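Colleague: Dropping in model-v3.cif, with mmCIF, C-alpha atoms.
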data_input
#
loop_
_atom_site.label_atom_id
_atom_site.label_comp_id
_atom_site.auth_asym_id
_atom_site.auth_seq_id
_atom_site.Cartn_x
_atom_site.Cartn_y
_atom_site.Cartn_z
CA MET N 1 79.62 196.40 98.79
CA LYS N 2 81.33 195.60 102.08
CA PRO N 3 83.33 192.45 102.86
CA PRO N 4 81.54 189.66 104.73
CA PRO N 5 82.58 188.89 108.33
CA VAL N 6 85.93 187.17 108.43
CA VAL N 7 88.47 186.05 111.00
CA TYR N 8 91.77 187.86 110.55
CA HIS N 9 95.31 186.69 111.13
CA GLY N 10 98.31 188.99 110.73
CA PRO N 11 101.37 186.76 111.10
CA ASP N 12 104.77 188.40 111.65
CA THR N 13 106.87 185.59 110.19
CA VAL N 14 106.71 183.29 107.17
CA GLN N 15 106.83 180.32 109.52
CA GLU N 16 103.73 181.54 111.35
CA ALA N 17 101.92 182.24 108.06
CA VAL N 18 102.66 178.75 106.80
CA ARG N 19 101.52 177.22 110.08
CA LEU N 20 98.24 179.13 109.88
CA LEU N 21 97.76 177.88 106.32
CA ALA N 22 98.39 174.31 107.46
CA GLU N 23 95.70 174.72 110.10
CA HIS N 24 93.10 176.66 108.11
CA GLY N 25 94.18 176.28 104.46
CA GLY N 26 90.89 175.10 103.00
CA HIS N 27 88.96 177.93 104.64
CA ALA N 28 91.51 180.71 104.40
CA LYS N 29 92.76 183.11 101.76
CA VAL N 30 96.13 184.79 101.77
CA LEU N 31 95.81 188.58 101.64
CA ALA N 32 98.80 190.29 100.04
CA GLY N 33 98.16 193.47 98.02
CA GLY N 34 94.43 192.73 97.96
CA GLN N 35 93.84 194.55 94.69
CA SER N 36 91.91 191.56 93.33
CA LEU N 37 90.90 189.83 96.57
CA VAL N 38 89.37 192.85 98.32
CA PRO N 39 87.12 193.79 95.36
CA MET N 40 85.96 190.17 95.32
CA LEU N 41 85.27 190.38 99.07
CA ASN N 42 83.48 193.71 98.64
CA MET N 43 81.29 192.27 95.92
CA ARG N 44 80.83 189.09 97.98
CA LEU N 45 82.12 186.97 95.13
CA THR N 46 84.21 185.15 97.69
CA ALA N 47 83.73 184.68 101.43
CA PRO N 48 86.66 182.88 103.05
CA ALA N 49 86.25 182.14 106.75
CA ARG N 50 89.72 183.51 107.44
CA LEU N 51 92.19 185.94 105.97
CA ILE N 52 95.91 185.47 106.47
CA ASP N 53 97.39 188.92 105.91
CA VAL N 54 101.02 188.67 104.80
CA ASN N 55 101.62 192.42 104.73
CA ARG N 56 103.80 192.24 107.85
CA LEU N 57 106.23 189.76 106.29
CA ASP N 58 108.83 192.40 105.48
CA GLU N 59 111.35 189.64 104.80
CA LEU N 60 109.41 188.95 101.56
CA ALA N 61 109.38 192.59 100.39
CA TYR N 62 112.31 192.33 97.99
CA VAL N 63 113.27 192.49 94.32
CA ARG N 64 116.75 190.94 93.97
CA THR N 65 118.83 190.61 90.84
CA ASP N 66 121.74 188.24 90.44
CA LEU N 67 123.58 186.64 87.52
CA GLU N 68 120.73 184.20 86.92
CA GLY N 69 117.83 186.62 86.92
CA VAL N 70 115.37 188.48 89.11
CA ARG N 71 113.77 187.14 92.27
CA VAL N 72 110.60 188.87 93.39
CA GLY N 73 109.45 188.25 96.95
CA ALA N 74 105.80 187.75 97.81
CA LEU N 75 105.45 191.20 99.33
CA ALA N 76 107.15 193.17 96.53
CA ARG N 77 104.58 195.50 95.01
CA HIS N 78 104.24 195.86 91.25
CA ALA N 79 105.63 199.39 91.74
CA ASP N 80 108.77 197.95 93.37
CA VAL N 81 109.34 195.72 90.34
CA GLU N 82 108.70 198.66 88.03
CA ARG N 83 111.16 200.97 89.82
CA ALA N 84 114.00 198.45 90.33
CA THR N 85 116.55 199.52 87.72
CA HIS N 86 118.69 196.43 88.30
CA ALA N 87 115.69 194.23 87.53
CA PHE N 88 114.95 196.19 84.37
CA GLU N 89 118.54 195.85 83.19
CA ALA N 90 118.56 192.11 83.78
CA VAL N 91 115.03 191.34 82.57
CA PRO N 92 113.66 194.34 80.62
CA LEU N 93 110.33 192.60 80.02
CA LEU N 94 109.47 193.00 83.72
CA ARG N 95 109.23 196.77 83.49
CA GLN N 96 107.90 196.70 79.94
CA ALA N 97 104.94 194.59 81.08
CA VAL N 98 104.33 195.77 84.63
CA ARG N 99 103.60 199.28 83.35
CA SER N 100 100.47 197.86 81.73
CA VAL N 101 99.20 196.44 85.04
CA ALA N 102 96.20 198.60 85.97
CA HIS N 103 97.02 202.14 87.19
CA PRO N 104 99.99 203.38 89.26
CA THR N 105 97.79 203.56 92.38
CA ILE N 106 96.92 199.87 92.04
CA ARG N 107 100.54 198.97 91.31
CA ASN N 108 101.56 200.70 94.56
CA ARG N 109 99.69 198.08 96.54
CA GLY N 110 99.21 195.02 94.33
CA THR N 111 101.95 192.40 94.43
CA THR N 112 103.51 190.60 91.48
CA VAL N 113 103.51 187.23 93.22
CA GLY N 114 99.88 187.74 94.27
CA SER N 115 98.99 188.36 90.65
CA LEU N 116 100.69 185.08 89.65
CA VAL N 117 98.80 183.07 92.28
CA HIS N 118 95.52 184.78 91.38
CA ALA N 119 96.12 183.58 87.79
CA ASP N 120 93.72 185.91 86.06
CA PRO N 121 93.88 185.01 82.33
CA CYS N 122 93.88 188.74 81.52
CA ALA N 123 96.76 189.61 83.87
CA GLU N 124 100.17 190.55 82.49
CA MET N 125 102.64 189.03 84.94
CA PRO N 126 101.58 185.38 84.51
CA ALA N 127 102.32 185.70 80.78
CA VAL N 128 105.70 187.28 81.57
CA LEU N 129 106.60 184.38 83.88
CA LEU N 130 105.51 181.93 81.19
CA LEU N 131 107.37 183.61 78.34
CA LEU N 132 110.60 183.72 80.37
CA ASP N 133 110.26 180.10 81.61
CA GLY N 134 110.22 181.36 85.19
CA GLU N 135 109.33 179.57 88.39
CA VAL N 136 107.39 180.07 91.59
CA LEU N 137 108.70 178.97 94.99
CA LEU N 138 105.98 177.62 97.31
CA ARG N 139 106.19 176.63 100.94
CA SER N 140 103.95 174.57 103.20
CA ASP N 141 104.20 172.75 106.51
CA ARG N 142 103.25 169.53 104.72
CA ALA N 143 105.66 169.54 101.78
CA GLY N 144 108.29 172.09 102.75
CA GLU N 145 109.50 174.08 99.78
CA ARG N 146 108.85 173.19 96.17
CA VAL N 147 109.49 174.99 92.91
CA VAL N 148 106.85 174.96 90.18
CA LYS N 149 107.74 175.88 86.63
CA ALA N 150 105.60 178.50 84.94
CA ALA N 151 104.41 175.96 82.38
CA ASP N 152 102.85 173.93 85.22
CA PHE N 153 101.74 176.84 87.39
CA PHE N 154 98.74 178.26 85.52
CA VAL N 155 96.15 175.52 85.72
CA GLY N 156 92.97 177.31 84.70
CA PRO N 157 91.23 180.68 84.87
CA MET N 158 91.89 182.04 88.41
CA GLU N 159 93.54 178.76 89.29
CA SER N 160 97.21 178.22 89.97
CA ALA N 161 99.20 175.23 91.19
CA CYS N 162 99.55 176.85 94.64
CA GLU N 163 97.73 174.47 96.99
CA GLU N 164 95.42 175.65 99.76
CA ASP N 165 98.04 175.12 102.45
CA GLU N 166 100.89 176.65 100.47
CA LEU N 167 102.29 180.16 100.60
CA ALA N 168 103.92 181.53 97.46
CA ILE N 169 107.27 182.86 98.66
CA GLU N 170 109.00 184.11 95.54
CA ALA N 171 108.83 184.30 91.76
CA TYR N 172 111.97 183.83 89.70
CA PHE N 173 112.29 185.50 86.32
CA PRO N 174 115.42 184.23 84.52
CA ARG N 175 117.59 186.53 82.46
CA PRO N 176 117.00 185.95 78.76
CA LYS N 177 119.92 184.05 77.22
CA GLY N 178 122.29 185.53 74.63
CA ARG N 179 121.19 188.50 72.58
CA THR N 180 117.49 188.54 73.31
CA GLY N 181 115.09 191.42 72.82
CA THR N 182 111.69 191.59 74.46
CA ASP N 183 108.58 193.71 74.08
CA TRP N 184 105.15 194.06 75.65
CA ARG N 185 102.10 195.66 74.13
CA GLU N 186 98.36 195.40 74.59
CA LEU N 187 95.14 197.08 73.65
CA SER N 188 92.44 197.96 76.15
CA ARG N 189 89.41 200.19 75.84
CA ARG N 190 90.85 202.63 78.35
CA ASN N 191 94.40 202.99 79.62
CA GLY N 192 94.76 200.76 82.69
CA ASP N 193 91.81 198.49 81.93
CA TYR N 194 92.19 194.79 81.34
CA ALA N 195 93.49 194.20 77.84
CA MET N 196 91.27 192.81 75.10
CA CYS N 197 94.47 191.27 73.85
CA GLY N 198 97.99 191.54 75.25
CA VAL N 199 101.18 190.25 73.65
CA GLY N 200 104.67 189.79 75.03
CA THR N 201 107.46 188.70 72.71
CA SER N 202 111.00 187.46 73.04
CA VAL N 203 113.36 187.33 70.04
CA ARG N 204 116.90 185.95 70.19
CA VAL N 205 119.41 186.70 67.46
CA ASP N 206 122.94 185.48 66.68
CA GLU N 207 125.84 187.82 66.00
CA THR N 208 124.85 188.18 62.32
CA GLY N 209 121.36 189.30 63.32
CA ALA N 210 119.68 186.07 62.22
CA VAL N 211 116.75 185.09 64.47
CA THR N 212 117.48 181.88 66.36
CA SER N 213 114.37 181.87 68.56
CA ALA N 214 111.09 183.80 68.63
CA LYS N 215 108.20 183.34 71.06
CA ALA N 216 105.00 185.23 71.80
CA ALA N 217 102.89 185.10 74.97
CA TYR N 218 99.24 186.11 75.11
CA ILE N 219 96.75 187.32 77.68
CA GLY N 220 93.01 187.72 77.30
CA MET N 221 93.06 185.11 74.56
CA GLY N 222 92.04 181.98 76.49
CA PRO N 223 91.50 180.48 79.95
CA VAL N 224 95.20 180.65 80.80
CA PRO N 225 98.10 182.68 79.40
CA SER N 226 99.66 180.90 76.44
CA VAL N 227 102.96 180.92 74.58
CA VAL N 228 103.37 180.22 70.87
CA ASP N 229 106.78 179.39 69.41
CA VAL N 230 107.09 181.31 66.14
CA THR N 231 110.73 180.62 65.39
CA GLY N 232 111.51 180.27 61.71
CA ALA N 233 108.80 182.38 60.14
CA ASP N 234 109.01 186.00 59.05
CA PHE N 235 107.21 188.27 61.48
CA SER N 236 103.95 188.70 59.57
CA ALA N 237 103.71 184.97 58.85
CA ALA N 238 104.58 184.33 62.50
CA ALA N 239 101.76 186.64 63.60
CA GLU N 240 99.30 184.79 61.32
CA HIS N 241 100.49 181.45 62.64
CA ALA N 242 100.24 182.55 66.28
CA ALA N 243 96.75 184.02 65.86
CA ASP N 244 95.60 180.74 64.30
CA GLN N 245 96.78 178.85 67.39
CA LEU N 246 94.66 180.98 69.73
CA ASP N 247 91.05 180.31 70.60
CA PRO N 248 89.69 183.46 72.29
CA GLU N 249 86.07 183.86 73.37
CA ASP N 250 83.50 186.53 72.65
CA ASP N 251 82.65 188.76 75.55
CA ILE N 252 81.20 192.18 76.26
CA HIS N 253 84.54 193.88 75.50
CA ALA N 254 85.45 192.27 72.18
CA SER N 255 84.42 189.48 69.82
CA ALA N 256 86.68 186.47 69.37
CA GLU N 257 87.36 187.50 65.79
CA TYR N 258 88.40 191.01 66.85
CA ARG N 259 90.71 189.59 69.52
CA ARG N 260 92.34 187.35 66.92
CA HIS N 261 92.75 190.36 64.65
CA LEU N 262 94.42 192.25 67.51
CA ALA N 263 96.70 189.28 68.15
CA ARG N 264 97.85 189.34 64.51
CA VAL N 265 98.53 193.07 64.48
CA LEU N 266 100.12 193.28 67.93
CA THR N 267 102.27 190.18 67.42
CA ALA N 268 103.80 191.50 64.21
CA ARG N 269 104.53 194.88 65.80
CA SER N 270 105.83 193.35 68.99
CA LEU N 271 108.17 190.88 67.28
CA LYS N 272 109.56 193.71 65.17
CA ALA N 273 110.18 195.88 68.26
CA ALA N 274 111.80 192.99 70.18
CA TYR N 275 114.01 192.22 67.19
CA GLU N 276 115.05 195.83 66.66
CA ALA N 277 116.09 196.11 70.32
CA VAL N 278 118.93 193.62 69.73
CA ALA N 279 119.54 193.52 65.95
CA PRO N 280 123.12 194.51 65.10
CA MET W 1 78.21 185.36 115.58
CA THR W 2 79.98 188.10 117.49
CA GLU W 3 82.59 189.58 115.26
CA GLN W 4 86.16 189.54 116.47
CA VAL W 5 87.51 193.09 116.88
CA HIS W 6 91.05 194.38 116.57
CA GLN W 7 92.74 197.29 118.33
CA ILE W 8 94.50 199.41 115.76
CA THR W 9 96.50 202.63 115.75
CA VAL W 10 96.79 204.55 112.52
CA THR W 11 98.57 207.90 112.22
CA VAL W 12 96.07 210.02 110.33
CA ASN W 13 97.34 213.36 109.01
CA GLY W 14 100.06 213.32 111.62
CA VAL W 15 97.89 212.38 114.60
CA ALA W 16 97.88 208.88 116.10
CA ARG W 17 94.27 207.62 116.09
CA ARG W 18 93.18 204.48 117.88
CA GLY W 19 90.24 202.37 116.95
CA GLU W 20 88.54 199.06 117.53
CA VAL W 21 87.47 197.48 114.26
CA PRO W 22 86.21 194.20 112.89
CA ALA W 23 88.58 192.64 110.34
CA ARG W 24 86.28 193.48 107.48
CA ARG W 25 86.26 197.24 108.16
CA LEU W 26 87.70 198.95 105.08
CA LEU W 27 90.29 201.66 105.70
CA ALA W 28 87.96 204.17 104.03
CA ASP W 29 85.12 203.21 106.38
CA PHE W 30 87.41 203.39 109.40
CA LEU W 31 88.18 206.99 108.49
CA ARG W 32 84.62 207.92 107.67
CA MET W 33 82.62 205.98 110.25
CA ASP W 34 84.99 205.54 113.18
CA LEU W 35 86.95 208.79 112.94
CA GLY W 36 84.33 211.00 111.30
CA LEU W 37 86.76 212.07 108.58
CA THR W 38 84.32 212.16 105.70
CA GLY W 39 86.68 213.86 103.26
CA THR W 40 87.59 210.48 101.82
CA HIS W 41 84.77 209.49 99.47
CA LEU W 42 83.72 206.00 98.45
CA GLY W 43 82.52 205.71 94.88
CA CYS W 44 82.68 202.26 93.33
CA GLU W 45 84.12 200.29 96.28
CA HIS W 46 86.03 197.99 93.98
CA GLY W 47 89.08 199.98 93.04
CA VAL W 48 87.98 201.43 89.72
CA CYS W 49 86.93 205.03 90.33
CA GLY W 50 89.79 206.36 92.48
CA ALA W 51 87.58 208.59 94.68
CA CYS W 52 88.83 206.94 97.89
CA THR W 53 92.52 207.35 97.06
CA LEU W 54 94.66 208.38 100.03
CA LEU W 55 98.35 208.24 100.85
CA LEU W 56 99.52 205.24 102.87
CA ASP W 57 103.03 205.99 104.13
CA GLY W 58 103.11 208.69 101.44
CA VAL W 59 102.09 206.41 98.57
CA PRO W 60 98.69 206.68 96.83
CA VAL W 61 96.46 203.64 97.35
CA ARG W 62 92.76 202.83 97.16
CA SER W 63 91.36 202.92 100.68
CA CYS W 64 88.39 200.78 99.58
CA LEU W 65 90.82 197.94 98.85
CA ILE W 66 92.70 197.96 102.13
CA LEU W 67 91.42 196.64 105.43
CA ALA W 68 91.79 199.05 108.32
CA VAL W 69 93.49 196.31 110.32
CA SER W 70 96.17 196.02 107.60
CA ALA W 71 96.92 199.73 108.08
CA ASP W 72 97.64 199.25 111.80
CA GLY W 73 100.91 200.98 112.62
CA HIS W 74 101.04 202.90 109.34
CA ALA W 75 100.56 206.56 108.44
CA VAL W 76 97.72 207.87 106.31
CA THR W 77 97.27 211.23 104.62
CA THR W 78 93.74 212.07 103.50
CA VAL W 79 92.43 215.06 101.60
CA GLU W 80 92.04 216.77 104.99
CA GLY W 81 95.81 216.52 105.32
CA CYS W 82 96.59 218.00 101.90
CA CYS W 83 96.36 221.58 103.21
CA GLU W 84 99.06 223.94 104.45
CA ALA W 85 100.24 223.81 108.06
CA GLY W 86 98.00 226.75 108.98
CA GLY W 87 94.92 225.15 107.40
CA GLU W 88 94.97 227.25 104.21
CA LEU W 89 94.37 225.45 100.93
CA GLY W 90 97.32 223.33 99.79
CA PRO W 91 98.73 223.97 96.31
CA VAL W 92 96.66 221.22 94.69
CA GLN W 93 93.48 222.32 96.45
CA GLN W 94 94.13 225.94 95.47
CA ALA W 95 94.79 224.92 91.86
CA PHE W 96 91.46 223.06 91.71
CA GLN W 97 89.69 226.22 92.89
CA ASP W 98 91.64 228.45 90.50
CA CYS W 99 91.07 226.22 87.45
CA HIS W 100 87.49 225.20 88.27
CA GLY W 101 88.73 221.62 88.46
CA LEU W 102 85.63 220.38 90.23
CA GLN W 103 81.89 220.59 89.89
CA CYS W 104 80.03 218.20 92.19
CA GLY W 105 83.22 217.48 94.11
CA PHE W 106 82.62 213.81 94.74
CA CYS W 107 85.76 212.61 92.95
CA THR W 108 87.89 215.54 94.11
CA PRO W 109 89.49 214.03 97.27
CA GLY W 110 90.88 211.18 95.17
CA PHE W 111 92.30 213.60 92.64
CA ILE W 112 93.82 215.87 95.30
CA THR W 113 95.64 213.02 97.05
CA THR W 114 96.78 211.39 93.80
CA ILE W 115 98.12 214.67 92.40
CA THR W 116 99.74 215.68 95.71
CA ALA W 117 101.81 212.49 95.66
CA TYR W 118 102.46 212.70 91.93
CA LEU W 119 103.98 216.19 92.16
CA GLU W 120 106.47 214.92 94.74
CA GLU W 121 107.62 212.39 92.15
CA ASN W 122 107.42 214.68 89.11
CA PRO W 123 107.42 218.36 90.13
CA LYS W 124 107.13 219.69 86.58
CA PRO W 125 104.84 217.48 84.51
CA THR W 126 103.96 218.10 80.87
CA GLU W 127 100.29 218.19 79.91
CA GLU W 128 100.57 214.64 78.61
CA GLU W 129 102.16 213.45 81.85
CA ALA W 130 99.43 215.23 83.80
CA ARG W 131 96.80 213.27 81.86
CA GLU W 132 98.62 210.02 82.53
CA ALA W 133 98.92 210.85 86.23
CA ILE W 134 95.16 211.13 86.67
CA GLY W 135 94.37 208.14 84.43
CA GLY W 136 93.21 206.08 87.41
CA ASN W 137 90.64 208.59 88.65
CA LEU W 138 87.17 209.02 87.24
CA CYS W 139 85.27 212.32 87.12
CA ARG W 140 81.78 212.40 85.66
CA CYS W 141 81.28 216.19 85.68
CA THR W 142 84.22 218.16 84.39
CA GLY W 143 85.35 216.36 81.27
CA TYR W 144 88.85 216.42 82.81
CA GLN W 145 90.14 219.46 80.89
CA ASN W 146 90.16 221.71 83.93
CA ILE W 147 91.61 218.96 86.10
CA VAL W 148 94.56 218.66 83.72
CA LYS W 149 94.98 222.44 83.95
CA ALA W 150 94.80 222.17 87.73
CA VAL W 151 97.65 219.63 87.78
CA LEU W 152 99.87 222.06 85.86
CA ARG W 153 98.75 225.02 87.98
CA ALA W 154 99.37 223.03 91.19
CA ALA W 155 102.91 222.29 90.03
CA ASP W 156 103.51 226.03 89.52
CA LEU W 157 101.95 226.95 92.87
CA LYS W 158 103.94 224.32 94.70
CA ARG W 159 107.20 225.59 93.22
CA GLU W 160 106.29 229.20 93.99
CA ARG W 161 105.47 228.37 97.60
CA GLU W 162 108.60 226.28 98.04
CA SER W 163 110.85 229.02 96.66
CA ALA W 164 109.06 231.61 98.83
CA ASP W 165 109.85 229.45 101.88
CA GLU W 166 113.56 229.36 101.13
#
Could you show the structure in this file as structure tokens?
Modeller:
Amino acid sequence: MKPPPVVYHGPDTVQEAVRLLAEHGGHAKVLAGGQSLVPMLNMRLTAPARLIDVNRLDELAYVRTDLEGVRVGALARHADVERATHAFEAVPLLRQAVRSVAHPTIRNRGTTVGSLVHADPCAEMPAVLLLLDGEVLLRSDRAGERVVKAADFFVGPMESACEEDELAIEAYFPRPKGRTGTDWRELSRRNGDYAMCGVGTSVRVDETGAVTSAKAAYIGMGPVPSVVDVTGADFSAAAEHAADQLDPEDDIHASAEYRRHLARVLTARSLKAAYEAVAP
Amino acid sequence: MTEQVHQITVTVNGVARRGEVPARRLLADFLRMDLGLTGTHLGCEHGVCGACTLLLDGVPVRSCLILAVSADGHAVTTVEGCCEAGGELGPVQQAFQDCHGLQCGFCTPGFITTITAYLEENPKPTEEEAREAIGGNLCRCTGYQNIVKAVLRAADLKRERESADE
């Protein structure tokens, strides 16, 4: 249960980190918070030849809010996102969901952008990015900067669109438009564990309180986080419809049928809570 | 292959400590093996049990999930540093003794550090908040009841000592 031998780089600038990735990309892993990578190293599930530690890139340790939304730098910890009141006011779903990410001690070190790149199908923040139609900014020596939309970012289980020579610089979570309520809820065997099923919802209403858009995002229900558009149905019908769209697998924690049951129950509750947050 | 080594300086419980470590040396192992500070315990070594929790720049983290080389230039507080200036038991340590909050003691350093930091953030937790605060630490002996009591007792002791100092 100790990491295998590895060559370590601790760049002081983004430019240096990107250059190291250009040189060693295929044999290197970026180490940010390390709350997923280091366990995998300890268990020898992965053995990169090199680690590029980005923990000295203080320029990426930010959570910024502007009129468009919230920008989370690669070195912002989950706890920074959780505590940033301006980010909560602009995009409430960020705090609603990040509080379900593991335990506070893990959130103190783990980074939100790292969680996106890691692309665990049970992780909360990828589903948040997807539900909000967010984006990830990537940088490499080869291609310079490029922006990837959330819908294109999560390619498979533990696989994101971030190429081997690219460094994820920032995640952008847009402000929901108009009168939009959001909610996050999930069920796990113990508080802080990976969810058997997690649901995030976003409900937009007009000034009369009529629902003009309703969406639900899921984790733990397939190889990648998924979003189901449930606009136009009442909430219990919407929950039925959404659960029918999902194809979860059986595993040691829960059967597929139980996960689908959870999706139905949690979706109905979550849509109701999101709606009530903005209903006139 | 000869492993590359790195010169690091970590301020441990207020004292700058130098070391020469391979990149793969975990912060917990640097403390235990290189510095002989065996108060920090390693349980699961993958971030689940919380036994190795220490304070990195005052913030609780898992020392089994941080490389020692990443901690270069930072400050660490271990359970050894959670005592009073004169070496007497700190409020959290005293509360664990008072409430019988430990049996085998293996998980205790992780609880002490976690609770020490938590009480800075929330000096007067409710019982429910106390339970939430220790949610990331596993104990296989006590059944947690006395640890919850110890959190509340530690909060009282800390306030008493702080008001006595004023």
Colleague: Applied to the shown file, which residues does the PyMOL selection byres ((chain N) within 7 of (chain W)) return, written as a list in words?
Modeller: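 Output of the PyMOL selection byres ((chain N) within 7 of (chain W)): Met1, Pro3, Pro4, Pro5, Val6, Val7, Tyr8, Gly34, Gln35, Val38, Pro39, Asn42, His103, Thr105, Ile106, Asn108 and Arg109 of chain N.
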Colleague: Grab the CA of Lys158 (chain W) to CA of Pro91 (chain W) distance for me, in Å with one decimal place.
Modeller: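 It comes out at 5.5 Å.
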Colleague: If we draw a sphere of 9 Å around (103.4, 187.5, 89.3), which residues have at least one atom in it when counting all atoms listed in the file? Please report them as a PyMOL selection string.
Modeller: chain N and resi 72+74+78+111-119+123-129+136+171
Colleague: Check which residues satisfy the PyMOL selection byres ((chain N and resi 211) around 12) in the file shown, then give them as an MDAnalysis selection string.
Modeller: chainID N and resid 178:181 202:210 212:215 230:235 271:272 274:276 278:280
Colleague: Restricting the calculation to all atoms listed in the file: of N:Leu266, N:Ala273, N:Thr46, N:Leu187, which residue gets closest to His253 (chain N)?
Modeller: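 Closest to His253 (chain N), using all atoms listed in the file: N:Leu187.
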Colleague: Using all atoms listed in the file, which protein or nucleic acid residues come within 12 Å of region 122-126 of chain W? Drop anything in the same chain fewer than 5 positions from it, and give the result as a list in words.
Modeller: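 Residues near the query, excluding close chain neighbours: Ile115, Thr116, Ala117, Arg131, Glu132, Ala133, Ile134, Val148, Lys149, Ala150, Val151, Leu152, Arg153, Ala154, Ala155, Asp156, Leu157, Lys158, Arg159, Glu160 and Glu162 of chain W.
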Colleague: What does the file look like for those residues with C-alpha atoms, as a CSV table (one decimal), in the frame of the given file?
Modeller:
chain,number,residue,atom,x,y,z
W,115,ILE,CA,98.1,214.7,92.4
W,116,THR,CA,99.7,215.7,95.7
W,117,ALA,CA,101.8,212.5,95.7
W,131,ARG,CA,96.8,213.3,81.9
W,132,GLU,CA,98.6,210.0,82.5
W,133,ALA,CA,98.9,210.8,86.2
W,134,ILE,CA,95.2,211.1,86.7
W,148,VAL,CA,94.6,218.7,83.7
W,149,LYS,CA,95.0,222.4,84.0
W,150,ALA,CA,94.8,222.2,87.7
W,151,VAL,CA,97.6,219.6,87.8
W,152,LEU,CA,99.9,222.1,85.9
W,153,ARG,CA,98.8,225.0,88.0
W,154,ALA,CA,99.4,223.0,91.2
W,155,ALA,CA,102.9,222.3,90.0
W,156,ASP,CA,103.5,226.0,89.5
W,157,LEU,CA,102.0,227.0,92.9
W,158,LYS,CA,103.9,224.3,94.7
W,159,ARG,CA,107.2,225.6,93.2
W,160,GLU,CA,106.3,229.2,94.0
W,162,GLU,CA,108.6,226.3,98.0
Colleague: Suppose a student applies the PyMOL selection byres ((chain W and resi 12) around 8) to this structure; what residues should they get, written as a PyMOL selection string?
Modeller: chain W and resi 10-11+13-17+75-78
Colleague: Kindly export the residues of the current selection with C-alpha atoms, as an mmCIF file, in the coordinates of the input.
Modeller:
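Output file again30.cif follows:
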data_model
loop_
_atom_site.group_PDB
_atom_site.id
_atom_site.type_symbol
_atom_site.label_atom_id
_atom_site.label_comp_id
_atom_site.auth_asym_id
_atom_site.auth_seq_id
_atom_site.Cartn_x
_atom_site.Cartn_y
_atom_site.Cartn_z
ATOM 1 C CA VAL W 10 96.790 204.550 112.520
ATOM 2 C CA THR W 11 98.570 207.900 112.220
ATOM 3 C CA ASN W 13 97.340 213.360 109.010
ATOM 4 C CA GLY W 14 100.060 213.320 111.620
ATOM 5 C CA VAL W 15 97.890 212.380 114.600
ATOM 6 C CA ALA W 16 97.880 208.880 116.100
ATOM 7 C CA ARG W 17 94.270 207.620 116.090
ATOM 8 C CA ALA W 75 100.560 206.560 108.440
ATOM 9 C CA VAL W 76 97.720 207.870 106.310
ATOM 10 C CA THR W 77 97.270 211.230 104.620
ATOM 11 C CA THR W 78 93.740 212.070 103.500
#
Colleague: So that I can check the surroundings of Leu131 (chain N), please list as a PyMOL selection string every protein, DNA and RNA residue that reaches within 12 Å of it, counting all atoms listed in the file and ignoring chain neighbours fewer than 4 positions away.
Modeller: chain N and resi 91+93-94+97+124-127+135+149-151+173-176+182-184+199-203+214-219+225-229
Colleague: Just write the chosen residues, C-alpha atoms, as a CSV table (one decimal), in the frame of the given file.
Modeller:
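Written out: selection.csv:
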chain,number,residue,atom,x,y,z
N,91,VAL,CA,115.0,191.3,82.6
N,93,LEU,CA,110.3,192.6,80.0
N,94,LEU,CA,109.5,193.0,83.7
N,97,ALA,CA,104.9,194.6,81.1
N,124,GLU,CA,100.2,190.6,82.5
N,125,MET,CA,102.6,189.0,84.9
N,126,PRO,CA,101.6,185.4,84.5
N,127,ALA,CA,102.3,185.7,80.8
N,135,GLU,CA,109.3,179.6,88.4
N,149,LYS,CA,107.7,175.9,86.6
N,150,ALA,CA,105.6,178.5,84.9
N,151,ALA,CA,104.4,176.0,82.4
N,173,PHE,CA,112.3,185.5,86.3
N,174,PRO,CA,115.4,184.2,84.5
N,175,ARG,CA,117.6,186.5,82.5
N,176,PRO,CA,117.0,186.0,78.8
N,182,THR,CA,111.7,191.6,74.5
N,183,ASP,CA,108.6,193.7,74.1
N,184,TRP,CA,105.2,194.1,75.6
N,199,VAL,CA,101.2,190.2,73.6
N,200,GLY,CA,104.7,189.8,75.0
N,201,THR,CA,107.5,188.7,72.7
N,202,SER,CA,111.0,187.5,73.0
N,203,VAL,CA,113.4,187.3,70.0
N,214,ALA,CA,111.1,183.8,68.6
N,215,LYS,CA,108.2,183.3,71.1
N,216,ALA,CA,105.0,185.2,71.8
N,217,ALA,CA,102.9,185.1,75.0
N,218,TYR,CA,99.2,186.1,75.1
N,219,ILE,CA,96.8,187.3,77.7
N,225,PRO,CA,98.1,182.7,79.4
N,226,SER,CA,99.7,180.9,76.4
N,227,VAL,CA,103.0,180.9,74.6
N,228,VAL,CA,103.4,180.2,70.9
N,229,ASP,CA,106.8,179.4,69.4
Colleague: Please, what distance in Å, to one decimal, runs between CA of Leu21 (chain N) and CA of Gly33 (chain N)?
Modeller: 17.7 Å
Colleague: What is the distance, in Å and to one decimal place, between CA of Cys197 (chain N) and CA of Arg259 (chain N)?
Modeller: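 Going from CA of Cys197 (chain N) over to CA of Arg259 (chain N) covers 6.0 Å.
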Colleague: Smallest atom-to-atom distance to Asn55 (chain N): which of N:Ala256, N:Leu31, N:Ala17, N:Ile169, using only C-alpha atoms?
Modeller: N:Leu31
Colleague: Using only C-alpha atoms, can you tell me which of W:Cys52, W:Gly143, W:Glu128, W:His74 comes closest to His100 (chain W)?
Modeller: W:Gly143
Colleague: Given the choices W:Val92, W:Gly105, W:Val79, W:Leu37, which gets closest to Leu119 (chain W) if the distance is worked out from all atoms listed in the file?
Modeller: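 Closest candidate: W:Val92.
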